[in-house]
Every structure is written in structure tokens, then in C-alpha cells.
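**Student:** One structure follows; several queries about it will come next.
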Amino acid sequence: MKFETKCLHEGYHPKNGEPRALPIYQSTTYTYDSSDHIGKLFDLSVEGHMYSRISNPTVAAVEEKIASMEGGVGAMCTTSGQAASLLSLLNILKAGDHFISVSSIYGGTINLFAVTLKRFGIECTFVSQDSTDEEIQKEFMENTKAVFGETIANPALAVFDIERFARLAHKNSVPLIVDNTFATPYLCRPFEFGADIVTHSTTKYMDGHAVQVGGVIVDSGNYNWENGKFPEFSEPDESYHGVVYTKSFGKAAYIAKARVQLMRDIGAYPSANAAFLLNLGLETLAVRMDRHCSNALKVAEYLSKSDKIEFVNYPGLEGDKYHELANKYVPRGCAGVISLSIKGSRENAVKFIDSLKLASNEVHVADIRTCVLHPASSTHRQLSDRQLHAAGITPGLVRLSVGIENIDDILEDIEQALAQVD
């Protein structure tokens, strides 16, 4: 099936006389014919659902759909994108381990990596994705276990060179994890460029309607967990009566361990209703992304011609620093998020934002409705000036998430708001 068809038909396959729409299995528990069958479930020797903290039929259907969309062997949904980022790393790192991340990623993720994981004894080194291979190679250590990046960074709009970082990661026998939230699998499938694990905040474009918070981890099935660097996959897990994940699950070892070990213990699993709402968004993802991309490019072109704008970051623009990488990794379009800097003080940026009438001033992005935010005052407020600079955020930076309204209405709103700026 082509991608647009997968959005509608993968995951849930109704049989004769069953509901056409994905049902909401609003249940925490499941019944079985025998104790022996329950024992086999806990032995992981038969498929099925044990408890809704680990899996649920509605959520499982959505997981299957997303895995198919990304081209992976399996997926696990979480309660948020932050939970997905956290569990994707905790599945392979422990106290005393180290990983590398590019610095131009979402501010909340920077805080998770630099502060919270450090409290767990896990160290992160941030690198500029524009650094040379030699400079990045120097940051790898004996205890380095992963590399992390975002396909399109939030809100710097830097395009991640997936192929290059995959090569560096694999040279050092570690996996590459890519947050594919902004691109979605419609615009980019990181596995095709060498990534090993993909994460998403499904709260964003996958849902698209600002109705539920969620995340997902997708396993490519391509990484060799038996290379000697990850014994937790290739040696018995005593917390799960000695199961060896690579032997029992083969290519799906990573995602199986994430579910039966981490999700079992941490319990950051979404509800059936949240998955049902997410599925509605996934069904129209391809259609929405086309409109987001076309509208955003027109807005970016309009803003780049204004004498009140210091700069516009949008990889779809010719002349943008990441335009060449965008042509390689997201040739269909660069999603709907633009970052721009208003000339003058921070106050000018705030005045522009507060003067918008159609666009909503909100702590969100990737909604069907146009929304706007001042990152330095909100989502990235916890970062130091040095971290803000590394993430590509200036005091006057505005994050504009272009929706799917009529483009003329969006441009008129921007025009009248700019008129209020000195």
C-alpha cells in the first residue's frame, strides 16, 4: 500500500460483521480460558494482552499502523513525546553510561537530557550538528551508547543530516535515535537513511487537532544488539525470568524489551480513548501535511520580503542554510513550522504576537489552526543564554505554526500584525 492508503487501512483490520471504525477497548483487564494461557502470556510465548499498563487492543492497532508508516518492525505508544524520548534512551542506557545529542533540539528535551538524566547518572554531550565528523568523533567515549537528533529541529528548523550521523554512530557501534515529530513519516522516514530508532510526539502533526497528548517509539529492527555493547539484550533478563530478548524476539528485541521491561515498570502507557483520537488524526495525516507545507512555504516567502523581519528560518526557502539537506530528507515539504525574528527588541516580537487575531498565542505547535509562540519566554524559558544560542533561539525569535486555513486569511493576519510593530 502507498502511504496515504496505509494511513487509512493499516493497524485495524475488521473481519466479517465487525465495526468499520477502530473500536475503543475501554478495559484495564482481559479474561482467559485457563491459567495455563495466562502463564504463556507472561512467558511471552503467545501473543495477547495481559494488562492495559503494557498493551491494549485499541492502542496496539495504532502502534501497528505507525510501525507500518515508518517502515519499522514494531512500535510502542507512550503518554507523551517526552516519555517516548526518555524510554527510548532508558531502554539502552543505565547509570554510568553516556550518549551524544545535537544541541538544536526541543528545549524540554534538552532539559531532560542535561538535568534529569544526569540525576540518574546518565551523561549527555551536546554537539553542533554543523560540526565536522572529526569534531563529533572526539565526543565518543568507551561508555557512549547512543546518538540522538531531530529530523527538523523545534524551533530552530535545522534539518538533521541523518545519513551522516548514522554513519558516525555505527562507526562507534551505537544506534542512532531520531525524533521525527515535525517531519512525520509522510515527509521523511529516517530508517531509510540509516536511523535505528524513531520517536515522535504524537501530540503534534500525527494527532493534528490538539486533542490528546502522546508519544511513540518505533523500532527499525535493523540494529545488531548482539554486537557486545548491549548485554541487556543478548543476556538473560533476571527481572523477566531470564528471557533473552534477541533470542526470543529477533529483530524486534528492542521494542519488546521496551514494553515488557520498561513499560511494565514505568507504566507510561496511553489510554484506549487517547489512541482512538490519535488514529483519527493519522487517517488524514497525508492530506493535512500537504496543506501545512504549501501554506508555510507561502508564509515564509512573504515574511522574507518584509523589512520588519530580521531573518526567517524555513528549510523550504531557497537560500536557507538547510535547504540542500531539506531537498534530500524532506523533498515533499518542510512541514508547517516557521521561526522568524522580529527586528528590534524582544518587546517588538511580543507586540507582533499579541497583535495577531486569527493565529492563537498558545503553547503548542503543529495544529490544524495557525498558532504562535515566543520560545524564549515559554517552552525554552528554562535554558541559559548559552543553551538558547546553541538551540538557535534569539530574544526576538517567534515560532509560527502555520495551519490549514485559507492562505489569504493567514497572510492578512500577519500583515496587520506587522503593521503594529515599529
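As shown in the C-alpha cells, the chain order sets the letters A, B, ...; within each chain, residues go from 1, and ligands are also counted from 1 in the order they appear.
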Mind the document's chain letters and residue numbers, and return as a PyMOL selection string the residues of region 3-200 of chain A that DSSP labels strand (DSSP E).

**Tutor:** chain A and resi 74-78+98-102+123-127+144-150+176-179+197-200

**Student:** Can you list, as a ChimeraX atom specification, every protein, DNA or RNA residue that comes within 12 Å of Ser294 (chain A) when you count only C-alpha atoms, leaving out same-chain residues fewer than 4 positions away?

**Tutor:** /A:287-290,298-301,316-317,332-337,402-407

**Student:** Can you pull out the residues contacting Tyr269 (chain A)? Cut-off 6 Å, using only C-alpha atoms, and skip same-chain residues under 6 positions away; I want them as an mmCIF file with N, CA and C atoms, in the first residue's frame.

**Tutor:**
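The result, written out as part.cif:
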data_model
loop_
_atom_site.group_PDB
_atom_site.id
_atom_site.type_symbol
_atom_site.label_atom_id
_atom_site.label_comp_id
_atom_site.auth_asym_id
_atom_site.auth_seq_id
_atom_site.Cartn_x
_atom_site.Cartn_y
_atom_site.Cartn_z
ATOM 1 N N ARG A 53 -1.683 -1.585 31.266
ATOM 2 C CA ARG A 53 -0.498 -0.767 31.544
ATOM 3 C C ARG A 53 0.618 -1.108 30.556
ATOM 4 N N THR A 78 3.293 5.889 23.992
ATOM 5 C CA THR A 78 3.543 6.392 25.347
ATOM 6 C C THR A 78 2.586 7.544 25.638
ATOM 7 N N THR A 79 2.607 8.015 26.859
ATOM 8 C CA THR A 79 1.678 9.073 27.262
ATOM 9 C C THR A 79 2.086 10.460 26.774
#

**Student:** Please determine, counting only C-alpha atoms, which residue among A:Glu310, A:Glu362, A:Asp207, A:Asp97 has the shortest atom-to-atom distance to Ser339 (chain A).

**Tutor:**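 Among the listed residues, the smallest separation from Ser339 (chain A) belongs to A:Glu310.
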
**Student:** Excluding Ala274 (chain A) and its own-chain neighbours fewer than 6 positions away, which residues fall within 8 Å of it when counting only C-alpha atoms? Please give them as a list in words.

**Tutor:** Gln212, Val213 and Gly214 of chain A

**Student:** Can you tell me, as an MDAnalysis selection string, what residues are no more than 9 Å from Pro190 (chain A) when counting only C-alpha atoms, ignoring any on the same chain fewer than 4 positions away?

**Tutor:** chainID A and resid 70 151 162:163 178 180 185 194:198 329

**Student:** Give me the residues within 8 Å of Ala390 (chain A) as a PyMOL selection string, counting only C-alpha atoms and dropping any in the same chain fewer than 3 places off.

**Tutor:** chain A and resi 103-104+128+386-387+393

**Student:** Write the selection just made, keeping N, CA and C atoms, as a PDB file, in the first residue's frame?

**Tutor:**
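Done, and the output landed in out.pdb:
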ATOM      1  N   SER A 103      22.611  19.777  19.625  1.00  0.00           N
ATOM      2  CA  SER A 103      22.132  20.818  20.540  1.00  0.00           C
ATOM      3  C   SER A 103      20.866  21.506  20.065  1.00  0.00           C
ATOM      4  N   SER A 104      20.586  21.450  18.769  1.00  0.00           N
ATOM      5  CA  SER A 104      19.420  22.161  18.222  1.00  0.00           C
ATOM      6  C   SER A 104      18.184  21.276  18.266  1.00  0.00           C
ATOM      7  N   SER A 128      27.144  20.507  18.060  1.00  0.00           N
ATOM      8  CA  SER A 128      26.509  21.206  16.949  1.00  0.00           C
ATOM      9  C   SER A 128      26.415  20.247  15.773  1.00  0.00           C
ATOM     10  N   ARG A 386      23.444  30.617  26.877  1.00  0.00           N
ATOM     11  CA  ARG A 386      24.320  29.781  26.056  1.00  0.00           C
ATOM     12  C   ARG A 386      23.531  28.667  25.375  1.00  0.00           C
ATOM     13  N   GLN A 387      22.630  28.039  26.125  1.00  0.00           N
ATOM     14  CA  GLN A 387      21.815  26.971  25.556  1.00  0.00           C
ATOM     15  C   GLN A 387      20.840  27.514  24.515  1.00  0.00           C
ATOM     16  N   ILE A 393      18.034  30.137  19.186  1.00  0.00           N
ATOM     17  CA  ILE A 393      16.914  30.966  19.633  1.00  0.00           C
ATOM     18  C   ILE A 393      17.417  32.348  20.058  1.00  0.00           C
TER      19      ILE A 393
END
